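Colleague: Input structure: structure38.cif, which contains mmCIF, C-alpha atoms.
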```cif
data_query
loop_
_atom_site.label_atom_id
_atom_site.label_comp_id
_atom_site.auth_asym_id
_atom_site.auth_seq_id
_atom_site.Cartn_x
_atom_site.Cartn_y
_atom_site.Cartn_z
CA MET A 1 62.00 86.87 79.34
CA VAL A 2 63.58 83.44 79.25
CA SER A 3 62.39 80.59 81.37
CA ALA A 4 64.88 79.32 83.91
CA ARG A 5 63.21 75.93 84.00
CA LEU A 6 64.59 73.20 81.76
CA GLY A 7 62.04 70.98 80.11
CA ILE A 8 62.10 68.32 77.40
CA VAL A 9 58.97 67.76 75.36
CA ASP A 10 58.36 65.00 72.82
CA LEU A 11 56.68 66.71 69.87
CA SER A 12 56.83 63.65 67.62
CA GLU A 13 53.05 63.48 67.35
CA LEU A 14 52.91 66.83 65.55
CA PRO A 15 52.78 66.92 61.75
CA ARG A 16 55.91 67.55 59.70
CA LEU A 17 56.64 67.21 56.01
CA GLY A 18 59.70 67.68 53.83
CA PHE A 19 60.20 68.54 50.19
CA LYS A 20 63.33 67.87 48.20
CA GLY A 21 64.52 68.69 44.69
CA ARG A 22 66.03 71.59 42.75
CA GLY A 23 62.66 73.29 42.31
CA THR A 24 61.69 73.05 45.98
CA LEU A 25 62.02 76.70 47.02
CA PRO A 26 60.00 78.23 44.15
CA ALA A 27 57.42 75.45 44.52
CA MET A 28 57.00 76.27 48.21
CA GLN A 29 56.82 80.01 47.58
CA LYS A 30 54.15 79.35 44.97
CA ARG A 31 52.16 77.60 47.71
CA GLY A 32 52.39 80.65 49.97
CA ILE A 33 55.11 79.35 52.28
CA VAL A 34 57.48 82.01 53.56
CA VAL A 35 60.95 80.77 52.63
CA GLU A 36 64.22 82.09 51.19
CA ASN A 37 67.33 80.46 49.78
CA LYS A 38 69.20 80.52 53.08
CA PRO A 39 70.39 77.03 54.03
CA ASN A 40 70.45 76.33 57.76
CA ARG A 41 67.83 78.98 58.47
CA ALA A 42 64.18 78.55 59.45
CA PHE A 43 61.22 80.78 58.66
CA ARG A 44 58.14 81.30 60.81
CA GLN A 45 54.81 80.84 59.05
CA ALA A 46 51.45 82.39 59.79
CA GLY A 47 49.75 80.15 62.32
CA GLY A 48 52.94 79.05 64.07
CA ALA A 49 54.40 76.49 61.68
CA LEU A 50 58.10 76.59 60.81
CA CYS A 51 59.88 76.01 57.51
CA MET A 52 63.47 74.77 57.89
CA VAL A 53 65.76 75.25 54.90
CA LEU A 54 68.31 72.43 55.07
CA ALA A 55 69.84 73.13 51.65
CA ALA A 56 68.96 75.08 48.52
CA SER A 57 67.06 71.97 47.43
CA GLU A 58 65.51 70.75 50.68
CA ILE A 59 63.06 72.05 53.28
CA VAL A 60 61.21 70.54 56.24
CA LEU A 61 57.93 71.98 57.53
CA LEU A 62 57.20 71.66 61.25
CA GLY A 63 53.61 71.95 62.40
CA ALA A 64 52.49 74.51 64.97
CA LEU A 65 52.06 73.28 68.55
CA ASP A 66 48.29 73.32 68.07
CA ALA A 67 48.36 71.91 64.51
CA ASN A 68 45.83 69.35 63.37
CA GLU A 69 46.97 65.86 62.51
CA ASP A 70 46.51 66.56 58.80
CA ALA A 71 47.82 70.14 58.71
CA PHE A 72 50.16 69.38 55.80
CA ALA A 73 47.94 66.84 54.04
CA PRO A 74 46.83 69.30 51.33
CA LEU A 75 50.48 70.02 50.51
CA GLU A 76 51.37 66.35 50.34
CA ASN A 77 48.26 65.21 48.54
CA GLY A 78 48.28 68.13 46.12
CA TRP A 79 51.69 67.25 44.75
CA ARG A 80 51.69 65.67 41.29
CA ILE A 81 54.75 64.53 39.39
CA GLU A 82 53.03 65.62 36.17
CA ASP A 83 53.43 69.25 37.25
CA GLY A 84 57.17 68.96 36.68
CA GLU A 85 58.08 71.29 39.52
CA ARG A 86 61.31 69.40 40.28
CA THR A 87 60.31 68.85 43.90
CA TYR A 88 58.85 65.87 45.73
CA PRO A 89 57.45 65.31 49.24
CA MET A 90 59.37 63.50 51.96
CA PRO A 91 57.31 61.98 54.82
CA ARG A 92 59.43 63.35 57.66
CA ARG A 93 57.00 62.24 60.33
CA HIS A 94 57.99 58.69 59.42
CA SER A 95 61.70 59.38 59.53
CA HIS A 96 62.38 61.87 62.31
CA ALA A 97 61.52 62.03 66.00
CA TRP A 98 61.09 65.60 67.27
CA PHE A 99 62.03 66.82 70.73
CA ALA A 100 61.96 70.35 72.13
CA VAL A 101 64.36 71.44 74.85
CA GLN A 102 63.35 74.69 76.54
CA GLY A 103 64.94 76.82 79.21
CA ASP A 104 67.99 78.81 80.24
CA GLY A 105 69.98 75.67 80.91
CA ALA A 106 69.42 74.21 77.44
CA PRO A 107 72.72 75.35 75.83
CA ALA A 108 74.80 73.96 78.70
CA MET A 109 72.78 70.76 78.74
CA LEU A 110 73.06 70.28 74.98
CA ALA A 111 76.81 71.00 75.13
CA LYS A 112 77.15 67.59 76.80
CA LEU A 113 75.73 65.96 73.66
CA CYS A 114 76.63 68.25 70.77
CA ALA A 115 79.88 69.97 69.72
CA VAL A 116 78.25 72.96 68.01
CA ASP A 117 78.19 76.13 70.11
CA LEU A 118 74.47 76.62 70.75
CA ARG A 119 74.73 79.47 73.23
CA PRO A 120 72.14 82.13 72.37
CA HIS A 121 74.65 84.84 71.47
CA ARG A 122 76.36 82.46 69.01
CA PHE A 123 73.34 80.55 67.72
CA GLU A 124 70.56 83.00 67.01
CA ASP A 125 66.83 82.44 66.88
CA LEU A 126 65.87 80.39 63.76
CA ALA A 127 69.43 79.11 63.22
CA ILE A 128 69.85 75.45 62.24
CA ALA A 129 72.77 73.08 62.79
CA GLN A 130 72.82 69.77 60.97
CA THR A 131 75.19 67.93 63.22
CA SER A 132 75.70 65.07 65.63
CA VAL A 133 73.77 64.92 68.91
CA ALA A 134 74.58 62.01 71.21
CA ARG A 135 76.46 60.56 68.22
CA LEU A 136 73.26 60.52 66.20
CA SER A 137 72.90 62.59 63.03
CA SER A 138 70.44 65.31 63.97
CA ILE A 139 68.92 68.62 63.00
CA VAL A 140 69.08 71.21 65.77
CA LEU A 141 66.86 74.25 65.33
CA ARG A 142 66.59 77.19 67.72
CA ALA A 143 63.07 78.54 67.47
CA ASP A 144 62.10 80.35 70.64
CA ILE A 145 58.54 80.03 71.87
CA ALA A 146 56.94 82.99 73.64
CA GLN A 147 60.45 84.47 74.03
CA ARG A 148 61.63 81.38 75.85
CA LEU A 149 64.89 79.87 74.66
CA THR A 150 63.83 76.72 72.79
CA TYR A 151 65.84 74.19 70.79
CA HIS A 152 64.24 71.56 68.58
CA VAL A 153 66.12 68.32 67.99
CA LEU A 154 65.07 66.06 65.12
CA ALA A 155 66.76 62.71 64.67
CA ASP A 156 66.16 59.20 63.34
CA SER A 157 62.78 58.08 64.68
CA ALA A 158 64.00 54.48 65.05
CA SER A 159 66.43 55.80 67.69
CA SER A 160 63.94 58.07 69.44
CA ALA A 161 63.98 56.12 72.73
CA TYR A 162 67.78 56.34 72.75
CA MET A 163 67.73 60.07 72.00
CA LEU A 164 65.14 60.75 74.70
CA SER A 165 67.19 58.81 77.23
CA CYS A 166 70.29 60.83 76.32
CA LEU A 167 68.40 64.12 76.59
CA THR A 168 66.86 63.25 79.96
CA ASP A 169 70.16 61.94 81.29
CA SER A 170 71.88 65.15 80.25
CA ALA A 171 69.07 67.32 81.64
CA GLY A 172 69.22 65.63 85.02
CA GLU A 173 72.36 67.54 85.95
CA PHE A 174 70.49 70.81 85.43
CA GLY A 175 67.27 69.83 87.17
CA GLY A 176 65.46 69.30 83.89
CA SER A 177 62.99 66.58 83.05
CA VAL A 178 60.44 65.44 80.51
CA THR A 179 57.29 67.50 80.54
CA ASP A 180 54.20 67.95 78.38
CA ALA A 181 53.69 70.20 75.36
CA GLY A 182 51.43 72.53 77.34
CA SER A 183 54.42 73.72 79.36
CA LEU A 184 56.05 75.17 76.22
CA VAL A 185 53.54 77.98 75.96
CA SER A 186 52.09 78.27 79.46
CA MET B 187 89.31 66.78 67.86
CA LYS B 188 90.18 67.19 64.20
CA ILE B 189 87.97 69.77 62.46
CA MET B 190 86.86 69.73 58.82
CA ASN B 191 85.10 72.59 57.07
CA CYS B 192 81.89 71.55 55.34
CA PRO B 193 81.07 73.96 52.48
CA LEU B 194 77.39 73.97 53.56
CA ASN B 195 77.54 73.62 57.34
CA GLY B 196 80.88 75.11 58.34
CA PRO B 197 83.55 73.65 60.65
CA ARG B 198 82.54 70.36 62.28
CA ASN B 199 84.15 67.43 64.09
CA ILE B 200 85.76 65.00 61.69
CA GLN B 201 83.51 62.28 63.16
CA GLU B 202 80.59 63.83 61.27
CA PHE B 203 82.23 63.12 57.90
CA VAL B 204 82.56 60.03 55.75
CA TRP B 205 85.33 59.52 53.23
CA ILE B 206 84.04 58.40 49.85
CA GLY B 207 87.04 58.18 47.51
CA ASP B 208 89.11 59.84 44.82
CA VAL B 209 87.57 62.34 42.43
CA LYS B 210 87.78 60.51 39.10
CA ARG B 211 86.58 61.35 35.64
CA THR B 212 83.73 59.03 34.62
CA PRO B 213 84.77 57.08 31.51
CA ASP B 214 82.75 57.21 28.33
CA PRO B 215 79.93 54.61 28.44
CA SER B 216 81.44 52.94 25.36
CA CYS B 217 84.67 52.17 27.27
CA THR B 218 86.02 48.64 27.70
CA ASP B 219 85.13 46.40 30.65
CA ARG B 220 88.70 46.81 31.89
CA GLU B 221 88.39 50.60 31.89
CA TRP B 222 85.02 50.44 33.66
CA THR B 223 86.38 48.01 36.26
CA ASP B 224 89.37 50.26 36.79
CA TYR B 225 87.06 53.24 37.35
CA LEU B 226 84.81 51.40 39.79
CA PHE B 227 87.19 49.30 41.83
CA ILE B 228 90.86 50.18 41.33
CA GLU B 229 92.40 53.02 43.33
CA ASP B 230 95.70 54.77 42.59
CA ASN B 231 96.37 55.05 46.34
CA LEU B 232 98.67 58.00 45.82
CA ALA B 233 100.88 59.10 48.71
CA GLY B 234 100.48 62.88 48.57
CA GLU B 235 97.86 65.52 47.88
CA VAL B 236 94.65 64.10 46.40
CA ASP B 237 91.18 65.50 45.59
CA GLU B 238 88.61 63.34 47.39
CA TRP B 239 84.85 63.08 47.72
CA TRP B 240 83.57 63.41 51.28
CA VAL B 241 80.08 63.55 52.71
CA HIS B 242 78.83 65.39 55.80
CA ALA B 243 76.62 62.63 57.19
CA PRO B 244 74.06 64.66 59.22
CA SER B 245 73.13 66.77 56.19
CA ASN B 246 74.07 64.23 53.48
CA ASN B 247 76.02 67.02 51.80
CA TRP B 248 78.60 65.76 49.30
CA PHE B 249 81.65 67.90 48.63
CA ILE B 250 85.29 67.71 47.57
CA ALA B 251 88.33 68.07 49.81
CA ARG B 252 92.01 68.20 48.91
CA ARG B 253 93.92 66.20 51.49
CA ASN B 254 97.55 65.30 52.03
CA ARG B 255 97.49 61.58 52.67
CA LEU B 256 100.93 61.59 54.25
CA THR B 257 100.18 64.24 56.87
CA ASP B 258 96.33 63.92 56.87
CA GLU B 259 96.16 67.70 56.47
CA ILE B 260 92.99 68.97 54.81
CA LEU B 261 94.08 71.76 52.46
CA TRP B 262 90.66 72.97 51.35
CA THR B 263 87.07 71.93 50.80
CA LYS B 264 84.74 73.02 47.98
CA SER B 265 81.16 72.38 46.90
CA PRO B 266 80.91 70.29 43.70
CA ALA B 267 79.62 73.38 41.84
CA GLU B 268 82.65 75.40 42.89
CA TYR B 269 85.09 72.55 42.27
CA PHE B 270 83.88 71.66 38.79
CA ALA B 271 83.72 75.35 37.81
CA ASP B 272 87.43 75.44 38.67
CA HIS B 273 88.16 72.10 36.96
CA ALA B 274 86.08 72.36 33.80
CA PRO B 275 87.14 69.75 31.23
#
```
Take the structure from the file and write it as structure tokens.
Modeller:
Amino acid sequence: MVSARLGIVDLSELPRLGFKGRGTLPAMQKRGIVVENKPNRAFRQAGGALCMVLAASEIVLLGALDANEDAFAPLENGWRIEDGERTYPMPRRHSHAWFAVQGDGAPAMLAKLCAVDLRPHRFEDLAIAQTSVARLSSIVLRADIAQRLTYHVLADSASSAYMLSCLTDSAGEFGGSVTDAGSLVS
Amino acid sequence: MKIMNCPLNGPRNIQEFVWIGDVKRTPDPSCTDREWTDYLFIEDNLAGEVDEWWVHAPSNNWFIARRNRLTDEILWTKSPAEYFADHAP
């Protein structure tokens, strides 16, 4: 079942962490993260987190909706350059704002801001597009929640107010609005 | 809208890409100042088909495109690994 309602949720408070470097994928697998060498794909983790593969040498972890503030702290703090794993952490919470857009109207709404075809039959669950949204370089991830069509948009955190205004402006035509994180799962 | 094919992300609007410059062989570090200056700052500005570095800005993915500078036609794009495998010195 897919929700007909269109909602925008600011998930920027949730934890997220990136790793970059040629040894990133084996280093993550060694830490028990479910991930494969499939750029522009995401992988669901036990507990609800997501691992986005942006390239063969770069991943971004997104915390579960109920994640603690420091969910990824052990991963970040446990990294040591002396281990020579050819990977290094990237503090993505400092760099990227994170919005979720949920509902049947999301593909049509996002089509006003993004040229990539995000319709569900063309852009499957866990697909990623690194593209331009509202003329801002962005990562768009489809990761449905409770079988509801859900897109996650991550973009420069310094432009988060601009991005939110573009999303809400676009959603207005479809009766969508900003809502709280509880609505994503309830 | 003009479309370019990113080797990592697929076909995208040309607005998502940034032109970097000609693919040039890096001179030996023992080269003269004139040769180094020529490598860094002087362009041939050829009118015709040229191999160029481009970057897909949203993913920061660098790749190589062959482009006709007279018609602005993009003939192909390749990842650096694929390109340099084909153009081994």
Colleague: Written as a PDB file with C-alpha atoms, keeping the file's coordinate frame, which residues does the PyMOL selection byres ((chain A) within 8 of (chain B)) give for the file shown?
Modeller:
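Writing done, so here's part_18.pdb:
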```
ATOM      1  CA  PRO A  39      70.390  77.030  54.030  1.00  0.00           C
ATOM      2  CA  ASN A  40      70.450  76.330  57.760  1.00  0.00           C
ATOM      3  CA  LEU A  54      68.310  72.430  55.070  1.00  0.00           C
ATOM      4  CA  ALA A  55      69.840  73.130  51.650  1.00  0.00           C
ATOM      5  CA  ALA A 115      79.880  69.970  69.720  1.00  0.00           C
ATOM      6  CA  VAL A 116      78.250  72.960  68.010  1.00  0.00           C
ATOM      7  CA  ALA A 129      72.770  73.080  62.790  1.00  0.00           C
ATOM      8  CA  GLN A 130      72.820  69.770  60.970  1.00  0.00           C
ATOM      9  CA  THR A 131      75.190  67.930  63.220  1.00  0.00           C
ATOM     10  CA  SER A 132      75.700  65.070  65.630  1.00  0.00           C
ATOM     11  CA  SER A 137      72.900  62.590  63.030  1.00  0.00           C
ATOM     12  CA  SER A 138      70.440  65.310  63.970  1.00  0.00           C
ATOM     13  CA  ILE A 139      68.920  68.620  63.000  1.00  0.00           C
TER      14      ILE A 139
END
```
Colleague: Could you list the residues chosen by the PyMOL selection byres ((chain A and resi 154) around 9) in this structure as number ranges by chain?
Modeller: A: 12, 96-100, 137-141, 152-153, 155-157
Colleague: Output C-alpha atoms of each residue in that selection to a file, as a CSV table (one decimal), in the coordinates of the input.
Modeller:
```csv
chain,number,residue,atom,x,y,z
A,12,SER,CA,56.8,63.6,67.6
A,96,HIS,CA,62.4,61.9,62.3
A,97,ALA,CA,61.5,62.0,66.0
A,98,TRP,CA,61.1,65.6,67.3
A,99,PHE,CA,62.0,66.8,70.7
A,100,ALA,CA,62.0,70.4,72.1
A,137,SER,CA,72.9,62.6,63.0
A,138,SER,CA,70.4,65.3,64.0
A,139,ILE,CA,68.9,68.6,63.0
A,140,VAL,CA,69.1,71.2,65.8
A,141,LEU,CA,66.9,74.2,65.3
A,152,HIS,CA,64.2,71.6,68.6
A,153,VAL,CA,66.1,68.3,68.0
A,155,ALA,CA,66.8,62.7,64.7
A,156,ASP,CA,66.2,59.2,63.3
A,157,SER,CA,62.8,58.1,64.7
```
Colleague: Find the residue from B:Phe203, B:Ala274, B:Arg211, B:Met190 that sits nearest to Trp248 in chain B; use only C-alpha atoms when measuring.
Modeller: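 Closest residue, counting only C-alpha atoms: B:Phe203.
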Colleague: Do a neighbour search on range 25-27 of chain A at 8 Å with all atoms listed in the file, toss out local chain neighbours closer than 5 positions, and write the hits as number ranges by chain.
Modeller: A: 35-37, 56-59, 85, 87
Colleague: CA of Thr263 in chain B and CA of Ile250 in chain B are how many Å apart?
Modeller: 5.6 Å
Colleague: Record the distance separating CA of Val60 in chain A and CA of Arg86 in chain A, expressed in Å with one decimal.
Modeller: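 Taking CA of Val60 in chain A and CA of Arg86 in chain A, their separation equals 16.0 Å.
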Colleague: Need the shell around Met90 in chain A: protein/DNA/RNA residues with any atom at most 12 Å away, counting only C-alpha atoms. Skip same-chain ones fewer than 5 positions apart. Format as a list in words?
Modeller: Arg16, Leu17, Gly18, Phe19, Lys20, Gly21, Thr24, Glu58, Ile59, Val60, Leu61, Phe72, Leu75, Glu76, Asn77, Trp79, Ser95 and His96 of chain A
Colleague: Applied to the shown file, which residues does the PyMOL selection byres ((chain A and resi 125) around 10) return, written as an MDAnalysis selection string?
Modeller: chainID A and resid 41:42 120:124 126:128 141:145 147 149:151
Colleague: Go through B:Glu229, B:Asp219, B:Glu268, B:Asp214 and flag the residue nearest Phe249 in chain B, using all atoms listed in the file for the distances.
Modeller: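 Closest residue, counting all atoms listed in the file: B:Glu268.
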Colleague: With distances taken over all atoms listed in the file, which residue among B:Pro193, B:Tyr225, B:Lys188, B:Ala267 lies nearest Ala251 in chain B?
Modeller: B:Pro193
Colleague: Out of B:Cys217, B:Ile206, B:Val236, B:Thr212, which residue has the shortest atom-to-atom distance to Thr257 in chain B when counting only C-alpha atoms?
Modeller: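 Counting only C-alpha atoms, the residue closest to Thr257 in chain B is B:Val236.
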Colleague: Taking (88.9, 57.4, 52.4) in the file's coordinates, which residues come within 9 Å, counting only C-alpha atoms, written as a ChimeraX atom specification?
Modeller: /B:204-208,238-240
Colleague: So that I can see what lies close to Glu259 in chain B, please list as a PyMOL selection string the residues with an atom at most 10 Å from it, counting all atoms listed in the file and leaving out residues fewer than 3 positions away in the same chain.
Modeller: chain B and resi 188+190+235+252-256+262
Colleague: Find the distance between CA of Val101 in chain A and CA of Ala67 in chain A and write it in Å to one decimal.
Modeller: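 Taking CA of Val101 in chain A and CA of Ala67 in chain A, their separation equals 19.1 Å.
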Colleague: Of the candidates A:Ala134, A:Ala146, A:Leu167, A:Leu50, which one gets nearest to Gly63 in chain A if we count all atoms listed in the file?
Modeller: A:Leu50
Colleague: Leaving out range 171-177 of chain A and any residue of its chain fewer than 4 positions from it, which residues lie within 9 Å of it when counting all atoms listed in the file, given as a list in words?
Modeller: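 Within the cut-off, the hits are Arg5, Leu6, Gly7, Ile8, Val9, Gly103, Gly105, Ala106, Ala108, Met109, Leu110, Cys166 and Leu167 of chain A.
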Colleague: Take range 221-250 of chain B, bring it up to N, CA and C atoms, and give me the output as a compact mmCIF listing (two decimals), keeping the file's coordinate frame.
Modeller:
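After the write, rebuild_24.txt holds the following:
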```txt
# COMPACT_ATOMS: atom_id res chain seq x y z
N GLU B 221 88.40 49.19 31.49
CA GLU B 221 88.39 50.60 31.89
C GLU B 221 87.29 50.87 32.92
N TRP B 222 86.13 50.24 32.72
CA TRP B 222 85.02 50.44 33.66
C TRP B 222 85.36 49.85 35.03
N THR B 223 85.96 48.67 35.01
CA THR B 223 86.38 48.01 36.26
C THR B 223 87.41 48.87 36.99
N ASP B 224 88.33 49.41 36.20
CA ASP B 224 89.37 50.26 36.79
C ASP B 224 88.74 51.48 37.45
N TYR B 225 87.75 52.06 36.80
CA TYR B 225 87.06 53.24 37.35
C TYR B 225 86.33 52.90 38.64
N LEU B 226 85.65 51.75 38.64
CA LEU B 226 84.81 51.40 39.79
C LEU B 226 85.60 50.88 40.99
N PHE B 227 86.60 50.08 40.72
CA PHE B 227 87.19 49.30 41.83
C PHE B 227 88.67 49.54 42.11
N ILE B 228 89.41 50.09 41.15
CA ILE B 228 90.86 50.18 41.33
C ILE B 228 91.25 51.60 41.74
N GLU B 229 91.97 51.71 42.84
CA GLU B 229 92.40 53.02 43.33
C GLU B 229 93.89 53.22 43.08
N ASP B 230 94.26 54.46 42.80
CA ASP B 230 95.70 54.77 42.59
C ASP B 230 96.45 54.74 43.92
N ASN B 231 95.75 55.06 45.01
CA ASN B 231 96.37 55.05 46.34
C ASN B 231 97.63 55.90 46.39
N LEU B 232 97.51 57.11 45.88
CA LEU B 232 98.67 58.00 45.82
C LEU B 232 99.07 58.46 47.22
N ALA B 233 100.37 58.54 47.46
CA ALA B 233 100.88 59.10 48.71
C ALA B 233 101.20 60.57 48.46
N GLY B 234 100.28 61.45 48.83
CA GLY B 234 100.48 62.88 48.57
C GLY B 234 99.15 63.58 48.56
N GLU B 235 99.09 64.72 47.89
CA GLU B 235 97.86 65.52 47.88
C GLU B 235 96.88 64.97 46.83
N VAL B 236 95.65 64.72 47.26
CA VAL B 236 94.65 64.10 46.40
C VAL B 236 93.30 64.81 46.60
N ASP B 237 92.55 64.97 45.50
CA ASP B 237 91.18 65.50 45.59
C ASP B 237 90.26 64.32 45.90
N GLU B 238 89.45 64.45 46.95
CA GLU B 238 88.61 63.34 47.39
C GLU B 238 87.17 63.79 47.60
N TRP B 239 86.24 62.86 47.34
CA TRP B 239 84.85 63.08 47.72
C TRP B 239 84.68 62.77 49.20
N TRP B 240 83.96 63.65 49.90
CA TRP B 240 83.57 63.41 51.28
C TRP B 240 82.08 63.73 51.41
N VAL B 241 81.47 63.20 52.45
CA VAL B 241 80.08 63.55 52.71
C VAL B 241 79.93 63.92 54.19
N HIS B 242 79.19 65.02 54.42
CA HIS B 242 78.83 65.39 55.80
C HIS B 242 77.57 64.61 56.14
N ALA B 243 77.70 63.60 56.98
CA ALA B 243 76.62 62.63 57.19
C ALA B 243 75.31 63.26 57.71
N PRO B 244 75.34 64.16 58.70
CA PRO B 244 74.06 64.66 59.22
C PRO B 244 73.23 65.41 58.19
N SER B 245 73.88 66.02 57.20
CA SER B 245 73.13 66.77 56.19
C SER B 245 73.16 66.06 54.84
N ASN B 246 73.89 64.95 54.74
CA ASN B 246 74.07 64.23 53.48
C ASN B 246 74.57 65.16 52.39
N ASN B 247 75.45 66.07 52.76
CA ASN B 247 76.02 67.02 51.80
C ASN B 247 77.35 66.50 51.26
N TRP B 248 77.39 66.26 49.95
CA TRP B 248 78.60 65.76 49.30
C TRP B 248 79.46 66.93 48.85
N PHE B 249 80.75 66.82 49.05
CA PHE B 249 81.65 67.90 48.63
C PHE B 249 83.02 67.30 48.35
N ILE B 250 83.95 68.18 47.94
CA ILE B 250 85.29 67.71 47.57
C ILE B 250 86.33 68.38 48.47
```
